[in-house]
Amino acid sequence: MYVFVWRRLVGTALVLLGVSVVVFLMIKLIPGDPAATLLGPQGTPEEVRQLRAAMGLDRPVAIQYLRWLERAVHGDLGTSTSLAQPVTSLVFTSFRNTALLGAASIVVAILAGIPAGILSATRPGSVFDVIGMLVALFLNSMPSFWLGLLLILSGSVWLRIFPVGGMVSIRGPSGPGDLLAHLVLPTISLSAWSVGIIARISRSSMLEVIGLAYVRTARSKGLAERLVIYRHALRNALLPVVTVISLQAGTLLGGAIVTEAIFAWPGLGLLMYNAIGARDLPVILGGILVMSAVFVVVNAIVDVLYVVIDPRVRLG
Amino acid sequence: MRGLRFTRRRFVARGLTTMAGIWSSAIGERAGAAPAPIAGGTLVIGSEGQHQTLDPHVLTGTVTLHITSLIYENLITQDMTHPELKYVPLAPGVAESWTVSGDGTVYTFRIRSGVRFHDGTPLDAAAVKANFDRALDPSSPFYYPPAKGNLNFIMRWVDRVDAPNPATFIVRLKQPFPSLPEELADRRMGLISPTALRKAGNTDIGAHPVGSGPFRFGSKSTDNTITVDRNPAYWGTKPYLDRIIFRPYPDPTALGAALQTGEVDVVFTLTVDQLTTLSKDPNIQIQYTDLANVFFWMLNTRNGPTTSKQVRQALNYAINRRAISNELLKGSVRPCGGPAPVGNPVYEPALLPYDYNPAKAKALLAAAKVPLPLELVVMLPTSGAELTDAPAVGTVMQQELRDVGVNVAFERMEWAAFLAKAIKGLDDRTAALYTGWDTGTQDPYWFETMFSSASAPPNGPNRAWYSNSMVDQLLAKARHELNATQRITTYRKAVAIIADDAPWIFIYQDRWPRAIRTKVHGFVSVPCPYVDMTKVWLAK
């Protein structure tokens, strides 16, 4: 286990270093200049030149990167060029909000997706199976921006139940109930795709396991169907589902960019959305590093979960 | 010292006869006696996009300047209570009066006594100097290079500033610049408490803003919502509202929905789709600000077929501005067939000579003896504040130009990439770029920025290399001219030549519609993106 953790830590550091180099170079290669963007269309080249010098953008790219890296290893991710605020606090505050939305979404996806998949698999060809899989396909096919706007239209404008957007603090005057109300629509929007994919994978995985010899044996021993499904089949069927869920964690972070922009949810996605438009390199770098780190950590956790679910798997 | 003197009395007298009309023009009021204002309440404003730092000296764009303009004050401000005027007159701000030397190079401001920042620091001449030093004096502890870059539009003319006593602040210019008072009213010139600057530092002052305005910073919440509270110690007219909340919505559809549900009371900028939807809602009124601005295609005057004046004029006659304004953009813009829009002091109808005349366009192209069809490459932004309609307008113009024998190929670019390329000026293969311009103030000095040959890249935003020596001379003469009437006359001569030269395809003026719930009173429609929030109140 220690070897596994050590390897993962070294791997994570290397991945983050590689990601930072690639992102830094990519941002420098694509057209766009933070100083020109800040000054707008009426900024003169001379004003842009002065602002670039003030922001340290006139130095060689390698020097810029090394200066950033030196500060980053000390926990200072620099200052946002568009917001004039420390990136470290911006990124971590935003990440906390995204984590809340992401966690809510993954919980909804698991609670809705796995039962729907299992019920469909145990009743193949039934009305429930057909409708359930059609809904899953529909959720997979819908663009999140369209679903988001549809939710605003129905839940906020027509029904007037949920707020259009924004987020309130759990310690704010309106309390946790208001936070929950703000969380509902973006959670539905963000989790929709995951619900669909988890339901479909759960169904196919379960169907495969149900057809295996050991399940037939269990049934032939006279075990109740409930025990066969939930005690014997489900555990093995869950392995690919867990893999998909772990991948969803990364997908949710990426998908959160659109959802957070529509619902004005102040998370990492919205921060990145604005930062990319403003060519705010420190924020883009900080945001992507955090996203990468989360992805790597989540995958490490999933590797451990494999062992818990299937004792035949060994960490190495 | 011989000088021109501007006092509060002079400015107020100009508008006294029209004061009665102000309230009746404010929205939300029906026929009959205007309702009496009610004190108290919280106004919620929906901001388009993200709030930036609350440091006015490094801000651009109006979204966050709407907030800082309530927290900070300028030496000179704008009197936004005159909807009957086609421009926004200046008014004394922190400076209660000012004089100009005979040669136009020394401005002496008398600082209003008793004004304090929200943290109790006296707002005296030394405090004003500290703010100027931030962009002017590298040896000052307040010096901040990004502020220098952002405020260069004014600081480039300033030689030095002095504060000989608490009530006197002196600006010494490198050369006469009669536009200085107008530029000092730009919202980026808000005055920050030097005590707060010392305490927070240049980078963090935006998170802890301290000004002297009618509202003071309250809080910034998790979702970047910013609250400002009434300043009970304000020296001027105290606001009716207790509090104003600015809530950001990155998505324009969500912003419109928030207004419909009453989650917000005001939206300052509307897309065409929003305008169509919201104008049908009986609880919402649409108000047009008619800010002086122009949207246009800047034509390459250095290379290619657009070097021909006849071709450029032909392109201008080929565009059906009324159809674009009324049909495509649903009246949210007005046709603008010339360089000087309504609201600019130079404006007069004769300076907007171009209307839809495809026959004349074809005749001009034939006279220019250019091979048809003309092939033009045009840079088109696909994003960017106030340019969301550019792709749709571009497509319509592409069809209209094809009808007269001009084929347009668009080079579509995301906003940041567009700006990075545009700033270098049009290259030889590009015939035009699509953009727009408006200014925080309406001084005609900006014509020189856009049209003088000295303002071509790398020195300025004349990105299509327009050059006319007569225009250069007139614009330089107008910049130095101290007589206001003569100055406008000189600018008009220059603008008439520019209109005839047609260095741009002049398209439309954005009317800047804003949507306000009917319970909100006191919004006055003047050609300015900002609002005098001390006059705004909420019906019960």
# chains A, B, ... in the order shown; residues from 1 in each chain; ligands from 1
call {"tool": "residues_around", "arguments": {"residues": "range 205-216 of chain A", "least_positions_apart": "2", "cutoff": "10 Å", "atoms": "only C-alpha atoms", "output": "VMD selection string"}}
result
chain A and resid 117 to 124 199 to 203 218 to 223 225 228 to 229 232 to 241
call {"tool": "interface_residues", "arguments": {"of": "chain B", "to": "chain A", "cutoff": "6 Å", "atoms": "only C-alpha atoms", "output": "MDAnalysis selection string"}}
result
chainID B and resid 52:53 145:146 149 203 223 249:251 258 261 416:417 420 458:461
call {"tool": "write_last_selection", "arguments": {"atoms": "C-alpha atoms", "output": "PDB file, in the first residue's frame"}}
result
ATOM      1  CA  GLN B  52     -13.734  42.578 -11.855  1.00  0.00           C
ATOM      2  CA  THR B  53     -11.617  44.224  -9.180  1.00  0.00           C
ATOM      3  CA  PRO B 145       2.058  50.318 -13.503  1.00  0.00           C
ATOM      4  CA  PRO B 146      -1.294  48.775 -14.530  1.00  0.00           C
ATOM      5  CA  GLY B 149      -1.301  51.790 -18.600  1.00  0.00           C
ATOM      6  CA  THR B 203      -3.148  44.741  -5.658  1.00  0.00           C
ATOM      7  CA  ASP B 223     -21.081  34.128  -5.960  1.00  0.00           C
ATOM      8  CA  TYR B 249     -25.067  36.476 -14.609  1.00  0.00           C
ATOM      9  CA  PRO B 250     -22.643  35.208 -17.256  1.00  0.00           C
ATOM     10  CA  ASP B 251     -25.437  33.939 -19.482  1.00  0.00           C
ATOM     11  CA  ALA B 258     -33.847  36.799 -13.558  1.00  0.00           C
ATOM     12  CA  THR B 261     -38.886  36.585 -12.168  1.00  0.00           C
ATOM     13  CA  ALA B 416      -9.242  37.962 -27.338  1.00  0.00           C
ATOM     14  CA  ALA B 417      -7.706  36.584 -30.526  1.00  0.00           C
ATOM     15  CA  ALA B 420      -4.547  40.646 -30.391  1.00  0.00           C
ATOM     16  CA  PRO B 458       1.841  51.131 -33.150  1.00  0.00           C
ATOM     17  CA  ASN B 459       0.811  54.490 -31.670  1.00  0.00           C
ATOM     18  CA  GLY B 460      -2.972  54.222 -31.651  1.00  0.00           C
ATOM     19  CA  PRO B 461      -6.172  52.506 -32.772  1.00  0.00           C
TER      20      PRO B 461
END
call {"tool": "select_by_dssp", "arguments": {"residues": "range 33-273 of chain B", "states": "strand (DSSP E)", "output": "ChimeraX atom specification"}}
result
/B:42-48,76-78,90-92,95-100,106-111,158-165,168-173,215-220,226-230,243-249,266-267
call {"tool": "atom_distance", "arguments": {"atom1": "CA of Phe177 in chain B", "atom2": "CA of Ala130 in chain B"}}
result
22.0 Å
call {"tool": "residues_around", "arguments": {"residues": "Leu184 in chain B", "least_positions_apart": "6", "cutoff": "12 Å", "atoms": "only C-alpha atoms", "output": "PyMOL selection string"}}
result
chain B and resi 73-78+90-95+107+109+128+132+151+153-155+158+171+177-178+190-191+440-443
call {"tool": "write_last_selection", "arguments": {"atoms": "N, CA and C atoms", "output": "PDB file, in the first residue's frame"}}
result
ATOM      1  N   GLU B  73     -15.660  58.988  -6.204  1.00  0.00           N
ATOM      2  CA  GLU B  73     -16.053  60.223  -6.876  1.00  0.00           C
ATOM      3  C   GLU B  73     -14.879  60.774  -7.667  1.00  0.00           C
ATOM      4  N   ASN B  74     -15.217  61.610  -8.631  1.00  0.00           N
ATOM      5  CA  ASN B  74     -14.189  62.236  -9.460  1.00  0.00           C
ATOM      6  C   ASN B  74     -14.035  63.708  -9.082  1.00  0.00           C
ATOM      7  N   LEU B  75     -12.950  64.312  -9.539  1.00  0.00           N
ATOM      8  CA  LEU B  75     -12.805  65.763  -9.389  1.00  0.00           C
ATOM      9  C   LEU B  75     -13.978  66.461 -10.062  1.00  0.00           C
ATOM     10  N   ILE B  76     -14.271  66.001 -11.274  1.00  0.00           N
ATOM     11  CA  ILE B  76     -15.381  66.569 -12.044  1.00  0.00           C
ATOM     12  C   ILE B  76     -16.324  65.419 -12.361  1.00  0.00           C
ATOM     13  N   THR B  77     -17.601  65.704 -12.353  1.00  0.00           N
ATOM     14  CA  THR B  77     -18.562  64.636 -12.621  1.00  0.00           C
ATOM     15  C   THR B  77     -19.478  65.036 -13.774  1.00  0.00           C
ATOM     16  N   GLN B  78     -20.457  64.192 -14.074  1.00  0.00           N
ATOM     17  CA  GLN B  78     -21.429  64.493 -15.111  1.00  0.00           C
ATOM     18  C   GLN B  78     -22.794  64.712 -14.471  1.00  0.00           C
ATOM     19  N   LEU B  90     -21.066  68.678 -17.874  1.00  0.00           N
ATOM     20  CA  LEU B  90     -20.183  68.446 -16.730  1.00  0.00           C
ATOM     21  C   LEU B  90     -20.736  69.152 -15.503  1.00  0.00           C
ATOM     22  N   ALA B  91     -20.322  68.697 -14.353  1.00  0.00           N
ATOM     23  CA  ALA B  91     -20.720  69.333 -13.093  1.00  0.00           C
ATOM     24  C   ALA B  91     -19.559  69.185 -12.117  1.00  0.00           C
ATOM     25  N   PRO B  92     -19.444  70.123 -11.184  1.00  0.00           N
ATOM     26  CA  PRO B  92     -18.375  69.992 -10.194  1.00  0.00           C
ATOM     27  C   PRO B  92     -18.558  68.723  -9.370  1.00  0.00           C
ATOM     28  N   GLY B  93     -17.465  68.064  -9.086  1.00  0.00           N
ATOM     29  CA  GLY B  93     -17.505  66.884  -8.225  1.00  0.00           C
ATOM     30  C   GLY B  93     -16.793  67.202  -6.938  1.00  0.00           C
ATOM     31  N   VAL B  94     -15.717  66.502  -6.682  1.00  0.00           N
ATOM     32  CA  VAL B  94     -14.923  66.811  -5.499  1.00  0.00           C
ATOM     33  C   VAL B  94     -14.302  68.201  -5.649  1.00  0.00           C
ATOM     34  N   ALA B  95     -13.997  68.596  -6.886  1.00  0.00           N
ATOM     35  CA  ALA B  95     -13.543  69.976  -7.129  1.00  0.00           C
ATOM     36  C   ALA B  95     -14.774  70.856  -7.285  1.00  0.00           C
ATOM     37  N   TYR B 107      -4.279  73.733 -15.033  1.00  0.00           N
ATOM     38  CA  TYR B 107      -5.632  73.671 -14.470  1.00  0.00           C
ATOM     39  C   TYR B 107      -5.507  73.702 -12.948  1.00  0.00           C
ATOM     40  N   PHE B 109      -7.597  73.391  -9.488  1.00  0.00           N
ATOM     41  CA  PHE B 109      -8.874  72.916  -8.949  1.00  0.00           C
ATOM     42  C   PHE B 109      -9.012  73.330  -7.489  1.00  0.00           C
ATOM     43  N   VAL B 128      -5.862  63.735  -3.577  1.00  0.00           N
ATOM     44  CA  VAL B 128      -6.043  63.722  -5.031  1.00  0.00           C
ATOM     45  C   VAL B 128      -4.704  63.468  -5.715  1.00  0.00           C
ATOM     46  N   PHE B 132      -3.279  60.626  -8.506  1.00  0.00           N
ATOM     47  CA  PHE B 132      -2.598  60.894  -9.776  1.00  0.00           C
ATOM     48  C   PHE B 132      -1.212  60.243  -9.779  1.00  0.00           C
ATOM     49  N   LEU B 151      -4.729  54.443 -17.448  1.00  0.00           N
ATOM     50  CA  LEU B 151      -5.096  55.861 -17.382  1.00  0.00           C
ATOM     51  C   LEU B 151      -4.248  56.714 -18.318  1.00  0.00           C
ATOM     52  N   PHE B 153      -4.698  57.480 -21.241  1.00  0.00           N
ATOM     53  CA  PHE B 153      -5.494  58.350 -22.105  1.00  0.00           C
ATOM     54  C   PHE B 153      -5.515  59.782 -21.580  1.00  0.00           C
ATOM     55  N   ILE B 154      -5.295  59.934 -20.291  1.00  0.00           N
ATOM     56  CA  ILE B 154      -5.270  61.282 -19.708  1.00  0.00           C
ATOM     57  C   ILE B 154      -3.855  61.651 -19.257  1.00  0.00           C
ATOM     58  N   MET B 155      -3.147  60.673 -18.693  1.00  0.00           N
ATOM     59  CA  MET B 155      -1.842  60.964 -18.109  1.00  0.00           C
ATOM     60  C   MET B 155      -0.793  61.312 -19.172  1.00  0.00           C
ATOM     61  N   VAL B 158      -0.294  64.928 -19.105  1.00  0.00           N
ATOM     62  CA  VAL B 158       0.039  65.584 -17.833  1.00  0.00           C
ATOM     63  C   VAL B 158       1.550  65.601 -17.627  1.00  0.00           C
ATOM     64  N   VAL B 171      -2.939  70.788 -11.967  1.00  0.00           N
ATOM     65  CA  VAL B 171      -2.492  69.870 -13.017  1.00  0.00           C
ATOM     66  C   VAL B 171      -1.765  70.690 -14.072  1.00  0.00           C
ATOM     67  N   PHE B 177      -4.762  71.136 -23.577  1.00  0.00           N
ATOM     68  CA  PHE B 177      -5.640  69.980 -23.765  1.00  0.00           C
ATOM     69  C   PHE B 177      -7.006  70.323 -23.161  1.00  0.00           C
ATOM     70  N   PRO B 178      -7.830  71.060 -23.934  1.00  0.00           N
ATOM     71  CA  PRO B 178      -9.113  71.527 -23.394  1.00  0.00           C
ATOM     72  C   PRO B 178     -10.055  70.397 -23.010  1.00  0.00           C
ATOM     73  N   GLY B 190     -11.904  57.784 -10.665  1.00  0.00           N
ATOM     74  CA  GLY B 190     -12.417  57.841  -9.294  1.00  0.00           C
ATOM     75  C   GLY B 190     -11.282  57.939  -8.285  1.00  0.00           C
ATOM     76  N   LEU B 191     -11.557  58.637  -7.184  1.00  0.00           N
ATOM     77  CA  LEU B 191     -10.508  58.910  -6.189  1.00  0.00           C
ATOM     78  C   LEU B 191     -10.583  57.903  -5.035  1.00  0.00           C
ATOM     79  N   GLY B 440     -16.057  56.776 -22.409  1.00  0.00           N
ATOM     80  CA  GLY B 440     -16.666  57.067 -21.116  1.00  0.00           C
ATOM     81  C   GLY B 440     -17.226  58.472 -21.095  1.00  0.00           C
ATOM     82  N   THR B 441     -16.594  59.352 -21.786  1.00  0.00           N
ATOM     83  CA  THR B 441     -17.100  60.724 -21.924  1.00  0.00           C
ATOM     84  C   THR B 441     -17.318  60.965 -23.410  1.00  0.00           C
ATOM     85  N   GLN B 442     -17.883  62.121 -23.736  1.00  0.00           N
ATOM     86  CA  GLN B 442     -18.273  62.319 -25.131  1.00  0.00           C
ATOM     87  C   GLN B 442     -17.449  63.375 -25.837  1.00  0.00           C
ATOM     88  N   ASP B 443     -16.278  63.634 -25.336  1.00  0.00           N
ATOM     89  CA  ASP B 443     -15.502  64.709 -25.924  1.00  0.00           C
ATOM     90  C   ASP B 443     -15.057  64.347 -27.343  1.00  0.00           C
TER      91      ASP B 443
END
call {"tool": "residues_around", "arguments": {"residues": "Met291 in chain A", "least_positions_apart": "3", "cutoff": "10 Å", "atoms": "only C-alpha atoms", "output": "PyMOL selection string"}}
result
chain A and resi 16+95+249-250+253-254+268-269+285-288+294-297
call {"tool": "write_last_selection", "arguments": {"atoms": "N, CA and C atoms", "output": "mmCIF file, in the first residue's frame"}}
result
data_model
loop_
_atom_site.group_PDB
_atom_site.id
_atom_site.type_symbol
_atom_site.label_atom_id
_atom_site.label_comp_id
_atom_site.auth_asym_id
_atom_site.auth_seq_id
_atom_site.Cartn_x
_atom_site.Cartn_y
_atom_site.Cartn_z
ATOM 1 N N LEU A 16 1.323 16.897 -12.895
ATOM 2 C CA LEU A 16 1.033 18.327 -12.715
ATOM 3 C C LEU A 16 2.113 19.189 -13.370
ATOM 4 N N PHE A 95 -13.047 26.175 -6.311
ATOM 5 C CA PHE A 95 -13.048 24.713 -6.314
ATOM 6 C C PHE A 95 -14.000 24.158 -5.255
ATOM 7 N N ALA A 249 -16.197 12.008 -12.553
ATOM 8 C CA ALA A 249 -15.691 13.076 -11.686
ATOM 9 C C ALA A 249 -14.936 14.105 -12.522
ATOM 10 N N GLY A 250 -14.114 13.614 -13.446
ATOM 11 C CA GLY A 250 -13.407 14.529 -14.340
ATOM 12 C C GLY A 250 -14.348 15.197 -15.310
ATOM 13 N N LEU A 253 -16.195 18.033 -13.755
ATOM 14 C CA LEU A 253 -15.407 19.258 -13.643
ATOM 15 C C LEU A 253 -15.396 20.008 -14.967
ATOM 16 N N GLY A 254 -15.236 19.242 -16.060
ATOM 17 C CA GLY A 254 -15.238 19.881 -17.374
ATOM 18 C C GLY A 254 -16.612 20.402 -17.739
ATOM 19 N N LEU A 268 -15.190 26.610 -10.156
ATOM 20 C CA LEU A 268 -13.959 26.599 -10.942
ATOM 21 C C LEU A 268 -14.266 26.727 -12.437
ATOM 22 N N GLY A 269 -15.368 26.126 -12.867
ATOM 23 C CA GLY A 269 -15.743 26.183 -14.283
ATOM 24 C C GLY A 269 -16.007 27.608 -14.723
ATOM 25 N N LEU A 285 -3.921 28.515 -15.502
ATOM 26 C CA LEU A 285 -2.950 27.524 -15.027
ATOM 27 C C LEU A 285 -3.368 26.940 -13.682
ATOM 28 N N GLY A 286 -3.704 27.821 -12.759
ATOM 29 C CA GLY A 286 -4.108 27.374 -11.421
ATOM 30 C C GLY A 286 -5.319 26.478 -11.487
ATOM 31 N N GLY A 287 -6.302 26.863 -12.294
ATOM 32 C CA GLY A 287 -7.537 26.096 -12.414
ATOM 33 C C GLY A 287 -7.281 24.720 -13.001
ATOM 34 N N ILE A 288 -6.493 24.673 -14.067
ATOM 35 C CA ILE A 288 -6.238 23.378 -14.717
ATOM 36 C C ILE A 288 -5.410 22.474 -13.799
ATOM 37 N N VAL A 294 -7.274 16.853 -9.010
ATOM 38 C CA VAL A 294 -8.495 16.161 -8.579
ATOM 39 C C VAL A 294 -8.683 14.877 -9.379
ATOM 40 N N PHE A 295 -8.445 14.981 -10.669
ATOM 41 C CA PHE A 295 -8.622 13.817 -11.541
ATOM 42 C C PHE A 295 -7.689 12.684 -11.118
ATOM 43 N N VAL A 296 -6.430 13.048 -10.854
ATOM 44 C CA VAL A 296 -5.441 12.035 -10.469
ATOM 45 C C VAL A 296 -5.814 11.423 -9.114
ATOM 46 N N VAL A 297 -6.193 12.263 -8.177
ATOM 47 C CA VAL A 297 -6.529 11.774 -6.843
ATOM 48 C C VAL A 297 -7.763 10.875 -6.891
#
call {"tool": "closest_residue", "arguments": {"among": "B:Pro194, B:Gly343, B:Pro358, B:Pro373", "to": "Asn320 in chain B", "atoms": "only C-alpha atoms"}}
result
B:Pro358
call {"tool": "closest_residue", "arguments": {"among": "B:Val44, B:Val495, B:Ile284, B:Ala126", "to": "Met450 in chain B", "atoms": "only C-alpha atoms"}}
result
B:Val495
call {"tool": "residues_around", "arguments": {"residues": "Ala167 in chain B", "least_positions_apart": "2", "cutoff": "7 Å", "atoms": "only C-alpha atoms", "output": "ChimeraX atom specification"}}
result
/B:110-111,124-125,165,169
call {"tool": "write_last_selection", "arguments": {"atoms": "N, CA and C atoms", "output": "tab-separated table (two decimals), in the first residue's frame"}}
result
chain	number	residue	atom	x	y	z
B	110	ARG	N	-10.18	73.83	-7.13
B	110	ARG	CA	-10.46	74.14	-5.73
B	110	ARG	C	-11.21	72.94	-5.14
B	111	ILE	N	-10.59	72.30	-4.18
B	111	ILE	CA	-11.17	71.08	-3.61
B	111	ILE	C	-12.22	71.45	-2.57
B	124	ASP	N	-8.56	65.71	0.52
B	124	ASP	CA	-7.96	67.02	0.22
B	124	ASP	C	-7.06	66.90	-1.00
B	125	ALA	N	-6.35	67.99	-1.29
B	125	ALA	CA	-5.51	68.01	-2.49
B	125	ALA	C	-4.43	66.93	-2.43
B	165	ASN	N	-1.66	73.36	-1.16
B	165	ASN	CA	-2.38	73.41	0.11
B	165	ASN	C	-3.57	72.47	0.03
B	169	PHE	N	-5.47	71.96	-5.92
B	169	PHE	CA	-4.80	70.90	-6.66
B	169	PHE	C	-4.53	71.42	-8.08
call {"tool": "residues_around", "arguments": {"residues": "range 297-307 of chain B", "least_positions_apart": "4", "cutoff": "9 Å", "atoms": "only C-alpha atoms", "output": "count of residues only"}}
result
31
call {"tool": "residues_around", "arguments": {"residues": "Tyr65 in chain A", "least_positions_apart": "6", "cutoff": "12 Å", "atoms": "only C-alpha atoms", "output": "PyMOL selection string"}}
result
chain A and resi 17+20-25+27-28+56-57+59+71-72+77-78+281-282+285
call {"tool": "write_last_selection", "arguments": {"atoms": "C-alpha atoms", "output": "PDB file, in the first residue's frame"}}
result
ATOM      1  CA  LEU A  17       4.445  19.500 -13.890  1.00  0.00           C
ATOM      2  CA  SER A  20       1.660  23.153 -16.293  1.00  0.00           C
ATOM      3  CA  VAL A  21       4.285  23.177 -19.079  1.00  0.00           C
ATOM      4  CA  VAL A  22       1.781  22.185 -21.755  1.00  0.00           C
ATOM      5  CA  VAL A  23      -0.873  24.676 -20.603  1.00  0.00           C
ATOM      6  CA  PHE A  24       1.669  27.481 -20.280  1.00  0.00           C
ATOM      7  CA  LEU A  25       2.936  26.885 -23.808  1.00  0.00           C
ATOM      8  CA  ILE A  27      -1.752  29.732 -23.794  1.00  0.00           C
ATOM      9  CA  LYS A  28       1.315  31.470 -25.170  1.00  0.00           C
ATOM     10  CA  GLY A  56       5.881  40.963 -16.695  1.00  0.00           C
ATOM     11  CA  LEU A  57       4.653  39.613 -20.029  1.00  0.00           C
ATOM     12  CA  ARG A  59      10.045  38.673 -20.531  1.00  0.00           C
ATOM     13  CA  ARG A  71       6.211  30.767  -6.713  1.00  0.00           C
ATOM     14  CA  ALA A  72       3.820  27.875  -7.347  1.00  0.00           C
ATOM     15  CA  LEU A  77      -0.096  30.720  -7.949  1.00  0.00           C
ATOM     16  CA  GLY A  78       0.336  34.398  -8.788  1.00  0.00           C
ATOM     17  CA  LEU A 281      -2.920  32.874 -17.686  1.00  0.00           C
ATOM     18  CA  PRO A 282      -2.323  32.570 -13.917  1.00  0.00           C
ATOM     19  CA  LEU A 285      -2.950  27.524 -15.027  1.00  0.00           C
TER      20      LEU A 285
END
call {"tool": "select_by_dssp", "arguments": {"residues": "range 98-220 of chain A", "states": "helix (DSSP H, G or I)", "output": "count of residues only"}}
result
99
call {"tool": "atom_distance", "arguments": {"atom1": "CA of Trp98 in chain B", "atom2": "CA of Glu183 in chain B"}}
result
14.3 Å
call {"tool": "atom_distance", "arguments": {"atom1": "CA of Arg412 in chain B", "atom2": "CA of Pro391 in chain B"}}
result
8.5 Å
call {"tool": "closest_residue", "arguments": {"among": "A:Leu179, A:Asn140, A:Leu150, A:Val290", "to": "Leu100 in chain A", "atoms": "only C-alpha atoms"}}
result
A:Leu179
call {"tool": "decode", "arguments": {"residues": "range 187-200 of chain A", "atoms": "N, CA and C atoms", "output": "compact mmCIF listing (two decimals), in the first residue's frame"}}
result
# COMPACT_ATOMS: atom_id res chain seq x y z
N THR A 187 -27.63 21.23 -10.30
CA THR A 187 -27.34 19.82 -10.04
C THR A 187 -28.04 18.93 -11.06
N ILE A 188 -29.30 19.23 -11.33
CA ILE A 188 -30.03 18.43 -12.32
C ILE A 188 -29.35 18.55 -13.68
N SER A 189 -29.00 19.78 -14.02
CA SER A 189 -28.39 20.02 -15.33
C SER A 189 -27.05 19.28 -15.46
N LEU A 190 -26.25 19.36 -14.39
CA LEU A 190 -24.91 18.76 -14.46
C LEU A 190 -24.94 17.24 -14.38
N SER A 191 -25.91 16.72 -13.63
CA SER A 191 -25.91 15.27 -13.42
C SER A 191 -26.62 14.51 -14.54
N ALA A 192 -27.36 15.22 -15.40
CA ALA A 192 -28.19 14.54 -16.39
C ALA A 192 -27.38 13.56 -17.24
N TRP A 193 -26.27 14.00 -17.77
CA TRP A 193 -25.48 13.15 -18.65
C TRP A 193 -24.96 11.94 -17.88
N SER A 194 -24.53 12.20 -16.64
CA SER A 194 -23.98 11.10 -15.83
C SER A 194 -25.06 10.08 -15.47
N VAL A 195 -26.26 10.56 -15.19
CA VAL A 195 -27.36 9.63 -14.89
C VAL A 195 -27.55 8.69 -16.07
N GLY A 196 -27.57 9.26 -17.26
CA GLY A 196 -27.79 8.46 -18.46
C GLY A 196 -26.71 7.41 -18.65
N ILE A 197 -25.46 7.83 -18.54
CA ILE A 197 -24.36 6.90 -18.83
C ILE A 197 -24.25 5.84 -17.74
N ILE A 198 -24.45 6.24 -16.47
CA ILE A 198 -24.36 5.26 -15.37
C ILE A 198 -25.49 4.23 -15.49
N ALA A 199 -26.68 4.69 -15.84
CA ALA A 199 -27.81 3.78 -16.00
C ALA A 199 -27.53 2.76 -17.10
N ARG A 200 -27.00 3.23 -18.20
CA ARG A 200 -26.76 2.33 -19.34
C ARG A 200 -25.64 1.33 -19.04
